[in-house]
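Encoded as structure tokens, the structure appears first; notes follow it.
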2 protein chains.
Amino acid sequence: MPRIHFHQQLAELKDKLLAMAALAQQALESAVDAYLQRDKGLCKYVKQNETAINTAERGLDEMAYELLAKEQPMAIDLRFILAVIKINGDLERIGDQSMGIARRTKEILALEEIELPVDFAAMGEYAGRMIRTAIQALLDGDARLADSVREMDDEIDRMNRRAHTDLLKLIEEKPQFTQQAMKGILVAKNLERIADHAANIATDVIFWIRGADVRHELSMSMD
Amino acid sequence: MPRIHFHQQLAELKDKLLAMAALAQQALESAVDAYLQRDKGLCKYVKQNETAINTAERGLDEMAYELLAKEQPMAIDLRFILAVIKINGDLERIGDQSMGIARRTKEILALEEIELPVDFAAMGEYAGRMIRTAIQALLDGDARLADSVREMDDEIDRMNRRAHTDLLKLIEEKPQFTQQAMKGILVAKNLERIADHAANIATDVIFWIRGADVRHELSMSMD
């Protein structure tokens with residue numbers, strides 16, 4: 001099997017991973033918008049998006065396993081393909097968590113609309129930036145960038161804890177809004193889990209790069 | 001060929017279109033962020049994203065043409081597949097326009113940083129909402145929603161004209177910033193073109209639905 005063909009396949013694997021990442025990002029953004037705008041249509045969009053994510057995940061996994069089976073890749077490429085498989089799983093679970101937000105949203109539509117003391121938009125944007133940065137670290141083979149994603153995770157943990165505290169306080173003070181506050185706690189938790197998956201992706205990127213020992217020895221150009 | 005298999009393929013075609021749309025959205029968002037934050041790394045991301053878009057476009061086209069050739073779909077499904085092929089092309093060109101923004105961004109990195117009197121973030125968000133709404137109209141088979149996208153196009157035309165006027169005025173008043181202003185004019189134009197493609201997508205959705213005569217006669221469940 002000529003080496004150039006293998007590198008074409010690796011490039012295609014990378015393209016498929018980018019499509020998967022784009023779907024996960026869209027799921028997150030649409031879910032947060034759906035929640036903030038109480039938009040039922042957007043909830044449906046998130047659901048359809050999730051089906052697309054599952055299809056994309058299967059396609060990517062199949063390609064990765066075929067590459068492993070047929071090409072017997074060398075150490076660095078092997079670690080790259082293994083990283084892609086793991087990242088693929090994390091992206092799929094970002095889709096799941098986004099579906100969780102969409103489900104919460106559908107539930108709150110039946111409830112009186114109140115404003116919660118949580119900046120969900122900021123949490124969503126932050127989590128989205130973590131996903132994008134983690135994928136960028138993969139594309140650039142940049143371990144330091146991947147490290148920065150893991151550091152970002154602390155901030156969203158703080159945001160989540162604060163949301164939790166503030167919403168429990170709201171329940172104490174205004175028990176009539178208990179249901180809305182509980183949904184808010186779950187949505188904040190979903191967002192925190194999404195950020196966790198982004199941090200996992202960053203860890204996989206580091207596993208791949210560190211396995212390569214030095215960056216410029218990568219046998220594969222990611223450009 | 002059993003009908004159920006054909007409907008599975010249509011569902012997969014829809015999933016691939018959603019992945020393509022997600023990539024186009026990510027290209028737009030990353031390009032606008034790259035421009036606003038003068039971020040070279042994000043420019044690279046847009047470029048790699050564009051490669052992924054081209055791969056996804058080919059895959060989608062191949063599947064659509066294969067369906068046309070093998071399945072001889074009936075009128076309403078035929079129109080759906082034709083709409084998908086056209087929408088696919090518009091999404092690919094949204095990727096191209098986003099690359100245009102990334103190229104402008106790389107050029108301005110060499111120039112002195114100045115603030116331009118244009119709300120590029122708002123234009124980008126507006127164009128992004130148009131894309132998402134057009135795709136949602138396709139998924140829901142909702143001609144009225146598609147119509148609303150075409151109406152949104154007027155607003156972004158206005159934003160673009162205003163950007164054009166304000167930036168020409170800036171050049172008159174502060175000719176030392178001519179280059180930055182010219183890049184700004186081009187970026188606004190890229191965003192306006194992206195919105196045009198979203199409006200094209202909406203038109204294709206209407207073509208598909210109107211061809212179906214009445215909505216609930218659709219032979220395919222988009223749920």
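Every chain in the structure tokens has a letter given in the order shown (A, B, ...), and although residue numbers restart at 1 in each chain, ligands are simply numbered from 1 in the order shown.
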What residues in chain B have any atom no more than 8 Å from chain A when counting only C-alpha atoms, and can you write them as a PyMOL selection string? chain B and resi 12+14-16+18-20+22-23+25-26+41+45+48-49+51-53+55-56+136+139+223
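The list of residues with at least one atom within 9 Å of Gly128 (chain A), based on only C-alpha atoms and without residues fewer than 6 positions apart in the same chain, reads Gln25, Leu28, Glu29, Ile194, Ala195 and Ala198 of chain A.
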Write to file, as a compact mmCIF listing (two decimals), in the first residue's frame, the residues of the selection just made, with C-alpha atoms.
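part.txt was written with the following content:
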# COMPACT_ATOMS: atom_id res chain seq x y z
CA GLN A 25 -20.44 22.91 18.19
CA LEU A 28 -24.15 23.19 21.75
CA GLU A 29 -24.89 26.62 20.28
CA ILE A 194 -19.57 19.60 27.73
CA ALA A 195 -16.52 21.53 28.91
CA ALA A 198 -13.51 19.45 25.58
Find the spatial neighbours of Met123 (chain B), counting only C-alpha atoms, within a cut-off of 7 Å - ignore same-chain residues fewer than 4 positions away - and output them as number ranges by chain. B: 119, 127, 156, 191
Tell me, which residues of region 180-217 of chain B carry DSSP alpha helix (DSSP H), written as a ChimeraX atom specification? /B:180-211
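For region 144-151 of chain B, the non-local neighbours within 8 Å, defined as residues at least 2 positions apart in the same chain or in other chains and counting only C-alpha atoms, are Met130, Thr133, Ala134, Ala137, Leu138, Asp142, Asp153, Asp154, Glu155, Ala198, Ala199, Ala202, Thr203, Val205 and Ile206 of chain B.
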Could you write out the selected residues, including C-alpha atoms, as an mmCIF file, in the first residue's frame?
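See result_27.cif below for the written result:
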data_model
loop_
_atom_site.group_PDB
_atom_site.id
_atom_site.type_symbol
_atom_site.label_atom_id
_atom_site.label_comp_id
_atom_site.auth_asym_id
_atom_site.auth_seq_id
_atom_site.Cartn_x
_atom_site.Cartn_y
_atom_site.Cartn_z
ATOM 1 C CA MET B 130 -30.110 33.092 8.330
ATOM 2 C CA THR B 133 -33.109 29.214 9.885
ATOM 3 C CA ALA B 134 -32.925 28.159 6.227
ATOM 4 C CA ALA B 137 -37.004 25.348 7.242
ATOM 5 C CA LEU B 138 -35.709 22.449 5.165
ATOM 6 C CA ASP B 142 -41.705 24.961 6.530
ATOM 7 C CA ASP B 153 -31.803 39.330 3.520
ATOM 8 C CA ASP B 154 -32.966 42.956 3.178
ATOM 9 C CA GLU B 155 -31.601 43.794 6.598
ATOM 10 C CA ALA B 198 -28.568 31.547 2.938
ATOM 11 C CA ALA B 199 -31.381 33.242 1.006
ATOM 12 C CA ALA B 202 -34.358 29.297 1.530
ATOM 13 C CA THR B 203 -35.457 29.611 -2.104
ATOM 14 C CA VAL B 205 -36.493 24.939 0.285
ATOM 15 C CA ILE B 206 -39.522 26.754 -1.072
#
Neighbours of Phe207 (chain A) within 12 Å (only C-alpha atoms; same-chain residues fewer than 5 positions away dropped), as a ChimeraX atom specification? /A:76,78-84,86-87,137-138,141-143,146-147,200-202,212-213
Selected residues, N, CA and C atoms, written as a JSON list (two decimals), in the first residue's frame, please.
[["chain", "number", "residue", "atom", "x", "y", "z"],
["A", 76, "ILE", "N", 3.49, 6.86, 15.58],
["A", 76, "ILE", "CA", 2.92, 8.20, 15.70],
["A", 76, "ILE", "C", 1.56, 8.29, 15.01],
["A", 78, "LEU", "N", -0.38, 5.73, 14.50],
["A", 78, "LEU", "CA", -1.25, 4.88, 15.32],
["A", 78, "LEU", "C", -1.84, 5.70, 16.47],
["A", 79, "ARG", "N", -0.98, 6.44, 17.17],
["A", 79, "ARG", "CA", -1.47, 7.25, 18.28],
["A", 79, "ARG", "C", -2.43, 8.32, 17.79],
["A", 80, "PHE", "N", -2.18, 8.85, 16.60],
["A", 80, "PHE", "CA", -3.10, 9.87, 16.06],
["A", 80, "PHE", "C", -4.48, 9.25, 15.83],
["A", 81, "ILE", "N", -4.49, 8.08, 15.22],
["A", 81, "ILE", "CA", -5.79, 7.45, 14.91],
["A", 81, "ILE", "C", -6.51, 7.10, 16.22],
["A", 82, "LEU", "N", -5.76, 6.61, 17.20],
["A", 82, "LEU", "CA", -6.39, 6.30, 18.49],
["A", 82, "LEU", "C", -6.95, 7.57, 19.13],
["A", 83, "ALA", "N", -6.21, 8.66, 19.01],
["A", 83, "ALA", "CA", -6.70, 9.94, 19.56],
["A", 83, "ALA", "C", -8.00, 10.35, 18.86],
["A", 84, "VAL", "N", -8.03, 10.19, 17.55],
["A", 84, "VAL", "CA", -9.23, 10.56, 16.79],
["A", 84, "VAL", "C", -10.43, 9.74, 17.26],
["A", 86, "LYS", "N", -10.93, 8.45, 20.19],
["A", 86, "LYS", "CA", -11.37, 8.92, 21.51],
["A", 86, "LYS", "C", -12.07, 10.29, 21.41],
["A", 87, "ILE", "N", -11.50, 11.16, 20.60],
["A", 87, "ILE", "CA", -12.08, 12.49, 20.43],
["A", 87, "ILE", "C", -13.49, 12.38, 19.84],
["A", 137, "ALA", "N", -5.85, 22.70, 18.60],
["A", 137, "ALA", "CA", -4.61, 22.13, 19.12],
["A", 137, "ALA", "C", -4.28, 20.83, 18.40],
["A", 138, "LEU", "N", -5.32, 20.05, 18.08],
["A", 138, "LEU", "CA", -5.11, 18.81, 17.34],
["A", 138, "LEU", "C", -4.58, 19.12, 15.94],
["A", 141, "GLY", "N", -1.12, 20.37, 16.12],
["A", 141, "GLY", "CA", -0.18, 19.57, 16.90],
["A", 141, "GLY", "C", 0.46, 20.40, 17.99],
["A", 142, "ASP", "N", -0.37, 21.19, 18.67],
["A", 142, "ASP", "CA", 0.15, 22.19, 19.63],
["A", 142, "ASP", "C", -0.22, 21.78, 21.06],
["A", 143, "ALA", "N", 0.74, 21.18, 21.76],
["A", 143, "ALA", "CA", 0.47, 20.67, 23.11],
["A", 143, "ALA", "C", 0.20, 21.81, 24.10],
["A", 146, "ALA", "N", -3.29, 22.84, 23.79],
["A", 146, "ALA", "CA", -4.14, 21.82, 24.42],
["A", 146, "ALA", "C", -4.12, 21.99, 25.94],
["A", 147, "ASP", "N", -2.93, 22.28, 26.48],
["A", 147, "ASP", "CA", -2.83, 22.52, 27.93],
["A", 147, "ASP", "C", -3.74, 23.67, 28.37],
["A", 200, "ASN", "N", -11.22, 16.59, 27.87],
["A", 200, "ASN", "CA", -10.79, 15.23, 27.48],
["A", 200, "ASN", "C", -10.13, 15.24, 26.11],
["A", 201, "ILE", "N", -10.75, 16.00, 25.20],
["A", 201, "ILE", "CA", -10.19, 16.08, 23.84],
["A", 201, "ILE", "C", -8.77, 16.64, 23.92],
["A", 202, "ALA", "N", -8.62, 17.69, 24.73],
["A", 202, "ALA", "CA", -7.28, 18.29, 24.89],
["A", 202, "ALA", "C", -6.29, 17.26, 25.43],
["A", 212, "ALA", "N", 4.67, 11.62, 20.27],
["A", 212, "ALA", "CA", 5.50, 11.91, 19.11],
["A", 212, "ALA", "C", 6.86, 12.43, 19.52],
["A", 213, "ASP", "N", 7.04, 12.59, 20.85],
["A", 213, "ASP", "CA", 8.30, 13.08, 21.40],
["A", 213, "ASP", "C", 8.59, 14.53, 21.03]]
Could you give me, as a PDB file with C-alpha atoms, in the first residue's frame, the residues within 10 Å of Met182 (chain B), counting only C-alpha atoms and dropping anything in the same chain fewer than 4 positions from it?
ATOM      1  CA  ARG B 104      -8.500  39.661   4.499  1.00  0.00           C
ATOM      2  CA  HIS B 164     -19.821  50.714   2.677  1.00  0.00           C
ATOM      3  CA  LEU B 167     -16.038  53.188   5.477  1.00  0.00           C
ATOM      4  CA  LEU B 168     -15.813  55.403   2.384  1.00  0.00           C
ATOM      5  CA  ILE B 171     -11.274  57.000   3.926  1.00  0.00           C
ATOM      6  CA  PHE B 177      -6.514  54.220   7.129  1.00  0.00           C
ATOM      7  CA  THR B 178      -7.543  53.557   3.531  1.00  0.00           C
ATOM      8  CA  LEU B 186     -14.515  43.523   1.482  1.00  0.00           C
ATOM      9  CA  VAL B 187     -15.318  41.683   4.712  1.00  0.00           C
ATOM     10  CA  ALA B 188     -18.766  43.301   4.872  1.00  0.00           C
TER      11      ALA B 188
END
If you count only C-alpha atoms, which residues fall within 10 Å of Leu36 (chain A), apart from same-chain ones fewer than 2 positions away, as JSON, numbers by chain? {"A": [30, 31, 32, 33, 34, 38, 39, 105, 115, 119, 120, 121]}
Mind dumping the selected residues with C-alpha atoms as an mmCIF file, in the first residue's frame?
data_model
loop_
_atom_site.group_PDB
_atom_site.id
_atom_site.type_symbol
_atom_site.label_atom_id
_atom_site.label_comp_id
_atom_site.auth_asym_id
_atom_site.auth_seq_id
_atom_site.Cartn_x
_atom_site.Cartn_y
_atom_site.Cartn_z
ATOM 1 C CA SER A 30 -28.382 25.697 19.143
ATOM 2 C CA ALA A 31 -29.205 24.097 22.494
ATOM 3 C CA VAL A 32 -28.113 27.167 24.460
ATOM 4 C CA ASP A 33 -30.044 29.450 22.095
ATOM 5 C CA ALA A 34 -33.080 27.179 22.375
ATOM 6 C CA ARG A 38 -37.474 29.159 24.792
ATOM 7 C CA ASP A 39 -37.538 28.098 21.150
ATOM 8 C CA THR A 105 -35.859 23.483 27.447
ATOM 9 C CA GLU A 115 -35.049 35.103 34.685
ATOM 10 C CA ASP A 119 -25.188 33.722 32.630
ATOM 11 C CA PHE A 120 -25.889 30.603 30.551
ATOM 12 C CA ALA A 121 -24.852 32.401 27.347
#
Just to confirm, what's the straight-line distance from CA of Gln37 (chain B) to CA of Gly184 (chain B) in Å (one decimal)? 13.8 Å
